[in-house]
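Structure record follows, encoded as structure tokens.
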Amino acid sequence: EQRILVTYLTQATDLNKKAQAIAVGMTVGSWTDLPLAKQAELAPYLGEAVSATPLATLENGETRGLITVSYPTRNFTADIPSLLTGIFGKLSMDGKIKLVDIVFPDSFLQAFPGPKFGIDGLRERLGAHDRPLLMSIFKSCLGLPFEDLKTQFLAQALGGVDLVKDDEIFFADDRAPFIERIKAFKQIAQETEVETGKPVLYAANLTGPVHELNEKAKRAVDAGADCLLFNVLAFGFDALHRLAADPDVHVPIMAHPALAGAYYPSPDYGIATPLLLGTLMRVAGADLVLFPSPYGNVALDKTEALQLAKHLTAPLNGVRRSFPVPSAGIHPGLVPQLYQDFGFDQIVNAGGGIHGHPGGATAGAKAFVAAIEAVTAGRTLEEAAAESQELAIALEKWGGVR
Ligand SMILES: CCCC(=O)/C(O)=C/OP(=O)(O)O
Ligand SMILES: [Mg+2]
């Protein structure tokens with residue numbers, strides 16, 4: 001029988017009893033009050049306590065540990081709202097308990113789109129198979145005249161980035177409307193590709209009423225969009241699911257982690273990042289997933305960040321791999337550490353680390369290109385800086401492993 005395995009981090013006098021109580025309470029309700037006939041009828045919908053793993057004994061005598069409960073897939077409709085409500089809806093408000101992992105049976109995963117492109121599809125689209133990719137972020141966007149944004153896009157593209165993304169806060173874009181931005185930046189990207197030989201994909205921030213997102217995304221594709229940025233947690237995983245499942249939205253979707261800090265930081269509550277920004281984003285169809293790097297200005301615990309990246313790329317019932325995009329506070333001096341931690345299949349993503357370069361955004365991008373080429377070739381940043389003035393200046397300003 002197909003069952004979904006859910007692991008929680010919690011504490012109790014008796015972890016096994018707590019697991020049992022959750023298994024019943026989150027499925028068929030107060031079991032013992034039901035007449036025998038009812039119990040037999042509802043048995044196929046009953047949750048089961050699978051395991052309890054003690055981690056520590058607390059001062060109050062309780063045991064802190066991991067419990068795993070299995071739920072029949074028949075209890076859910078094939079969507080993330082049903083899943084999260086059914087395994088952690090009411091329970092998330094019931095004392096110290098954190099949702100840390102979900103293992104899906106094939107039958108349940110088959111209903112989800114997963115990434116349309118993923119790592120391999122995006123590399124194919126860019127013709128970049130031999131290195132980590134590089135992405136830059138518009139820095140300052142709200143209120144800027146359209147011409148300034150065009151100038152910014154050109155500077156980033158000339159620096160050799162593979163993608164340029166809107167900042168996630170770019171909703172009020174009346175001075176540079178969504179479709180017009182897509183068309184204008186597409187034109188610039190085609191012109192710079194002639195000069196640099198490198199295609200540049202623009203990730204436009206998809207916003208607006210949730211029931212209009214798919215239509216707006218299709219208009220974007222028709223206008224030449226190459227990628228869509230999406231604030232998944234603000235709109236909901238199901239909005240991502242429906243975009244990824246829509247055959248007419250045939251462009252990579254980039255998931256931004258905005259609002260994730262409302263879910264993951266507490267050791268006692270919320271949803272762990274490897275599940276929230278790893279498994280769920282990938283299953284719902286994100287081709288690229290941004291998350292706080294372990295060493296940026298919005299840092300994520302390194303173990304969690306590495307586990308998150310693993311959830312995005314490990315084999316998962318044939319679901320394509322999503323590109324890990326460790327972000328926030330990234331500068332060229334961090335590239336060796338990024339490469340050591342996240343390896344080849346990652347996207348180096350920087351806003352301030354590009355626009356803050358003393359030589360400007362083009363120089364900032366070139367500094368990253370030199371750093372990525374160096375680590376991919378097994379050379380040090382010191383060696384690369386001897387041949388790249390832009391990298392030397394970046395290392396001078398921000399430091400880094402030479
Ligand atoms: C984790 C998301 C990072 C992000 O949205 C962003 O704008 C980063 O900018 P920088 O820290 O690279 O300037
Ligand atoms: Mg941002």
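By convention here, the chains of the structure tokens are called A, B, ... in the order presented, each chain's residues are numbered starting at 1, and ligands are numbered starting at 1 in the order presented.
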
| query | Can you list, as a list of chain:residue names, every protein, DNA or RNA residue that comes within 10 Å of Pro294 in chain A when you count only C-alpha atoms, leaving out same-chain residues fewer than 3 positions away? | reply |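 Selected residues are A:Phe291, A:Asn297, A:Val298, A:Ala299, A:Leu300, A:Asp301, A:Lys302, A:Thr303, A:Glu304, A:Ala305, A:Leu306, A:Pro326, A:Ser327, A:Ala328, A:Gly329, A:Gln337, A:Leu338, A:Asp341.
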
Residues from last step as file, N, CA and C atoms, as a compact mmCIF listing (two decimals), in the first residue's frame:
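Once written, out.txt looks like this:
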```txt
# COMPACT_ATOMS: atom_id res chain seq x y z
N PHE A 291 18.57 30.06 -2.30
CA PHE A 291 18.49 29.89 -0.84
C PHE A 291 19.68 30.63 -0.23
N ASN A 297 25.20 37.41 3.88
CA ASN A 297 24.68 38.31 4.91
C ASN A 297 23.34 37.83 5.45
N VAL A 298 22.75 36.85 4.76
CA VAL A 298 21.51 36.22 5.25
C VAL A 298 21.85 34.73 5.32
N ALA A 299 22.66 34.37 6.30
CA ALA A 299 23.29 33.05 6.26
C ALA A 299 22.36 31.94 6.74
N LEU A 300 22.55 30.78 6.14
CA LEU A 300 21.83 29.56 6.51
C LEU A 300 22.86 28.59 7.11
N ASP A 301 22.44 27.83 8.08
CA ASP A 301 23.33 26.82 8.67
C ASP A 301 23.92 25.96 7.56
N LYS A 302 25.22 25.75 7.58
CA LYS A 302 25.90 25.08 6.47
C LYS A 302 25.37 23.66 6.26
N THR A 303 25.18 22.91 7.33
CA THR A 303 24.67 21.53 7.20
C THR A 303 23.32 21.53 6.49
N GLU A 304 22.49 22.49 6.89
CA GLU A 304 21.15 22.57 6.26
C GLU A 304 21.27 22.96 4.80
N ALA A 305 22.16 23.92 4.52
CA ALA A 305 22.33 24.38 3.13
C ALA A 305 22.80 23.24 2.24
N LEU A 306 23.74 22.44 2.76
CA LEU A 306 24.26 21.32 1.96
C LEU A 306 23.18 20.26 1.77
N PRO A 326 22.94 29.05 -4.22
CA PRO A 326 23.29 29.65 -2.93
C PRO A 326 23.47 31.16 -3.10
N SER A 327 22.85 31.96 -2.27
CA SER A 327 22.76 33.40 -2.53
C SER A 327 22.92 34.22 -1.26
N ALA A 328 23.00 35.55 -1.49
CA ALA A 328 23.03 36.57 -0.42
C ALA A 328 24.44 36.81 0.09
N GLY A 329 24.94 37.98 -0.25
CA GLY A 329 26.26 38.40 0.23
C GLY A 329 27.40 37.74 -0.51
N GLN A 337 35.07 28.64 -2.00
CA GLN A 337 34.29 28.00 -0.94
C GLN A 337 32.98 27.47 -1.49
N LEU A 338 32.34 28.26 -2.34
CA LEU A 338 31.08 27.82 -2.96
C LEU A 338 31.32 26.54 -3.76
N ASP A 341 31.86 23.60 -1.56
CA ASP A 341 30.65 23.16 -0.84
C ASP A 341 29.56 22.64 -1.76
```

Would you give me, as a Markdown table, each residue of chain A having an atom within 10 Å of an atom of ligand 1, along with its shortest atom pair and that distance in Å to one decimal, using only C-alpha atoms and all ligand atoms and sorting by chain and residue number?
```
| residue | atom | partner | partner_atom_place_in_ligand_line | distance |
| --- | --- | --- | --- | --- |
| A:Met135 | CA | ligand 1 | 12 (O) | 9.6 |
| A:Ser136 | CA | ligand 1 | 12 (O) | 7.8 |
| A:Ile137 | CA | ligand 1 | 7 (O) | 6.4 |
| A:Phe138 | CA | ligand 1 | 7 (O) | 8.0 |
| A:Lys139 | CA | ligand 1 | 13 (O) | 7.2 |
| A:Ser140 | CA | ligand 1 | 7 (O) | 9.6 |
| A:Lys165 | CA | ligand 1 | 7 (O) | 9.1 |
| A:Asp166 | CA | ligand 1 | 7 (O) | 8.5 |
| A:Asp167 | CA | ligand 1 | 7 (O) | 5.5 |
| A:Glu168 | CA | ligand 1 | 5 (O) | 6.1 |
| A:Ile169 | CA | ligand 1 | 5 (O) | 8.4 |
| A:Ala255 | CA | ligand 1 | 2 (C) | 9.8 |
| A:His256 | CA | ligand 1 | 2 (C) | 6.6 |
| A:Pro257 | CA | ligand 1 | 1 (C) | 6.2 |
| A:Ala258 | CA | ligand 1 | 2 (C) | 7.0 |
| A:Ala260 | CA | ligand 1 | 1 (C) | 9.4 |
| A:Val289 | CA | ligand 1 | 1 (C) | 9.4 |
| A:Leu290 | CA | ligand 1 | 1 (C) | 5.8 |
| A:Phe291 | CA | ligand 1 | 1 (C) | 4.7 |
| A:Pro292 | CA | ligand 1 | 1 (C) | 4.3 |
| A:Ser293 | CA | ligand 1 | 1 (C) | 7.3 |
| A:Gly296 | CA | ligand 1 | 11 (O) | 7.0 |
| A:Asn297 | CA | ligand 1 | 11 (O) | 6.6 |
| A:Val298 | CA | ligand 1 | 1 (C) | 6.9 |
| A:Ala299 | CA | ligand 1 | 1 (C) | 8.6 |
| A:Leu300 | CA | ligand 1 | 1 (C) | 9.4 |
| A:Val325 | CA | ligand 1 | 1 (C) | 8.5 |
| A:Pro326 | CA | ligand 1 | 1 (C) | 7.2 |
| A:Ser327 | CA | ligand 1 | 1 (C) | 4.7 |
| A:Ala328 | CA | ligand 1 | 11 (O) | 3.3 |
| A:Gly329 | CA | ligand 1 | 11 (O) | 3.8 |
| A:Ile330 | CA | ligand 1 | 12 (O) | 5.4 |
| A:His331 | CA | ligand 1 | 12 (O) | 7.7 |
| A:Val348 | CA | ligand 1 | 12 (O) | 9.5 |
| A:Asn349 | CA | ligand 1 | 12 (O) | 6.4 |
| A:Ala350 | CA | ligand 1 | 12 (O) | 3.7 |
| A:Gly351 | CA | ligand 1 | 12 (O) | 3.7 |
| A:Gly352 | CA | ligand 1 | 13 (O) | 3.6 |
| A:Gly353 | CA | ligand 1 | 12 (O) | 5.8 |
| A:Ile354 | CA | ligand 1 | 12 (O) | 7.8 |
| A:His355 | CA | ligand 1 | 13 (O) | 8.2 |
| A:Gly356 | CA | ligand 1 | 13 (O) | 8.6 |
```

| message | Applying 10 Å and only C-alpha atoms, which residues near range 10-26 of chain A remain after dropping the ones on its own chain fewer than 4 positions away? List them as a PyMOL selection string. | response | chain A and resi 30-32+45-58+60-71+85-91+95-99+267-269

| said: From a backbone DSSP assignment, name each residue in range 186-267 of chain A labelled strand (DSSP E), as a ChimeraX atom specification. | reply: /A:201-205,227-231,253-256

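The space between CA of Ala385 in chain A and CA of Arg123 in chain A spans 26.8 Å.
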
| request: Find the residues near range 358-361 of chain A: any atom within 8 Å, counting only C-alpha atoms, skip ones fewer than 5 places away on the same chain, and give them as JSON, numbers by chain. | output: {"A": [152, 155, 156, 159, 390, 393, 394]}

| said: Restricting the calculation to only C-alpha atoms: of A:Leu240, A:Leu126, A:Ala363, A:Ala392, which residue gets closest to Lys198 in chain A? | reply: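 The shortest atom-to-atom distance to Lys198 in chain A comes from A:Leu126.
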
Set out as JSON lines a contact list for range 314-343 of chain A and range 369-379 of chain A with a cut-off of 9 Å, giving each residue of range 314-343 of chain A that qualifies its closest atom pair and distance in Å to one decimal, counting only C-alpha atoms, ordered by chain and rising residue number.
```
{"residue": "A:Pro332", "atom": "CA", "partner": "A:Ala371", "partner_atom": "CA", "distance": 6.2}
{"residue": "A:Gly333", "atom": "CA", "partner": "A:Ala371", "partner_atom": "CA", "distance": 7.8}
{"residue": "A:Val335", "atom": "CA", "partner": "A:Ala371", "partner_atom": "CA", "distance": 6.4}
{"residue": "A:Pro336", "atom": "CA", "partner": "A:Val375", "partner_atom": "CA", "distance": 6.1}
{"residue": "A:Tyr339", "atom": "CA", "partner": "A:Val375", "partner_atom": "CA", "distance": 7.2}
```

| query | DSSP on the backbone: what in range 19-101 of chain A comes out alpha helix (DSSP H), as a ChimeraX atom specification? | reply | /A:19-25,36-42,80-88

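If only C-alpha atoms and all ligand atoms are the atoms counted, then among A:Asn231, A:Pro113, A:Leu280, A:Asn75 the closest residue to ligand 2 is A:Asn231.
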
| query | Hey, what's within 7 Å of Ile119 in chain A if we count only C-alpha atoms and toss same-chain stuff fewer than 2 positions away? As a list in words, please? | reply | Phe117, Gly121, Leu122, Arg123, Arg321, Ser322 and Phe323 of chain A

If you keep C-alpha atoms, can you produce a file of those selected residues as a PDB file, in the first residue's frame?
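As a result, part_31.pdb now contains:
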```pdb
ATOM      1  CA  PHE A 117      14.116  21.973 -17.544  1.00  0.00           C
ATOM      2  CA  GLY A 121      17.723  21.622 -19.562  1.00  0.00           C
ATOM      3  CA  LEU A 122      19.089  24.964 -18.427  1.00  0.00           C
ATOM      4  CA  ARG A 123      22.647  24.002 -19.356  1.00  0.00           C
ATOM      5  CA  ARG A 321      17.227  17.962 -10.689  1.00  0.00           C
ATOM      6  CA  SER A 322      16.733  21.606  -9.704  1.00  0.00           C
ATOM      7  CA  PHE A 323      19.672  24.013  -9.873  1.00  0.00           C
TER       8      PHE A 323
END
```

| Using only C-alpha atoms, which of A:Ala223, A:Ala128, A:Ala272, A:Leu154 sits nearest Glu195 in chain A? |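 Between A:Ala223, A:Ala128, A:Ala272, A:Leu154, the residue approaching Glu195 in chain A most closely is A:Leu154.
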
| request: Take CA of Val6 in chain A and CA of Ala43 in chain A and report the distance between them in Å, one decimal. | output: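 Computed distance, CA of Val6 in chain A to CA of Ala43 in chain A, equals 18.8 Å.
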
| field | CA of His311 in chain A to CA of Ala245 in chain A, straight-line distance in Å | value | 20.4 Å
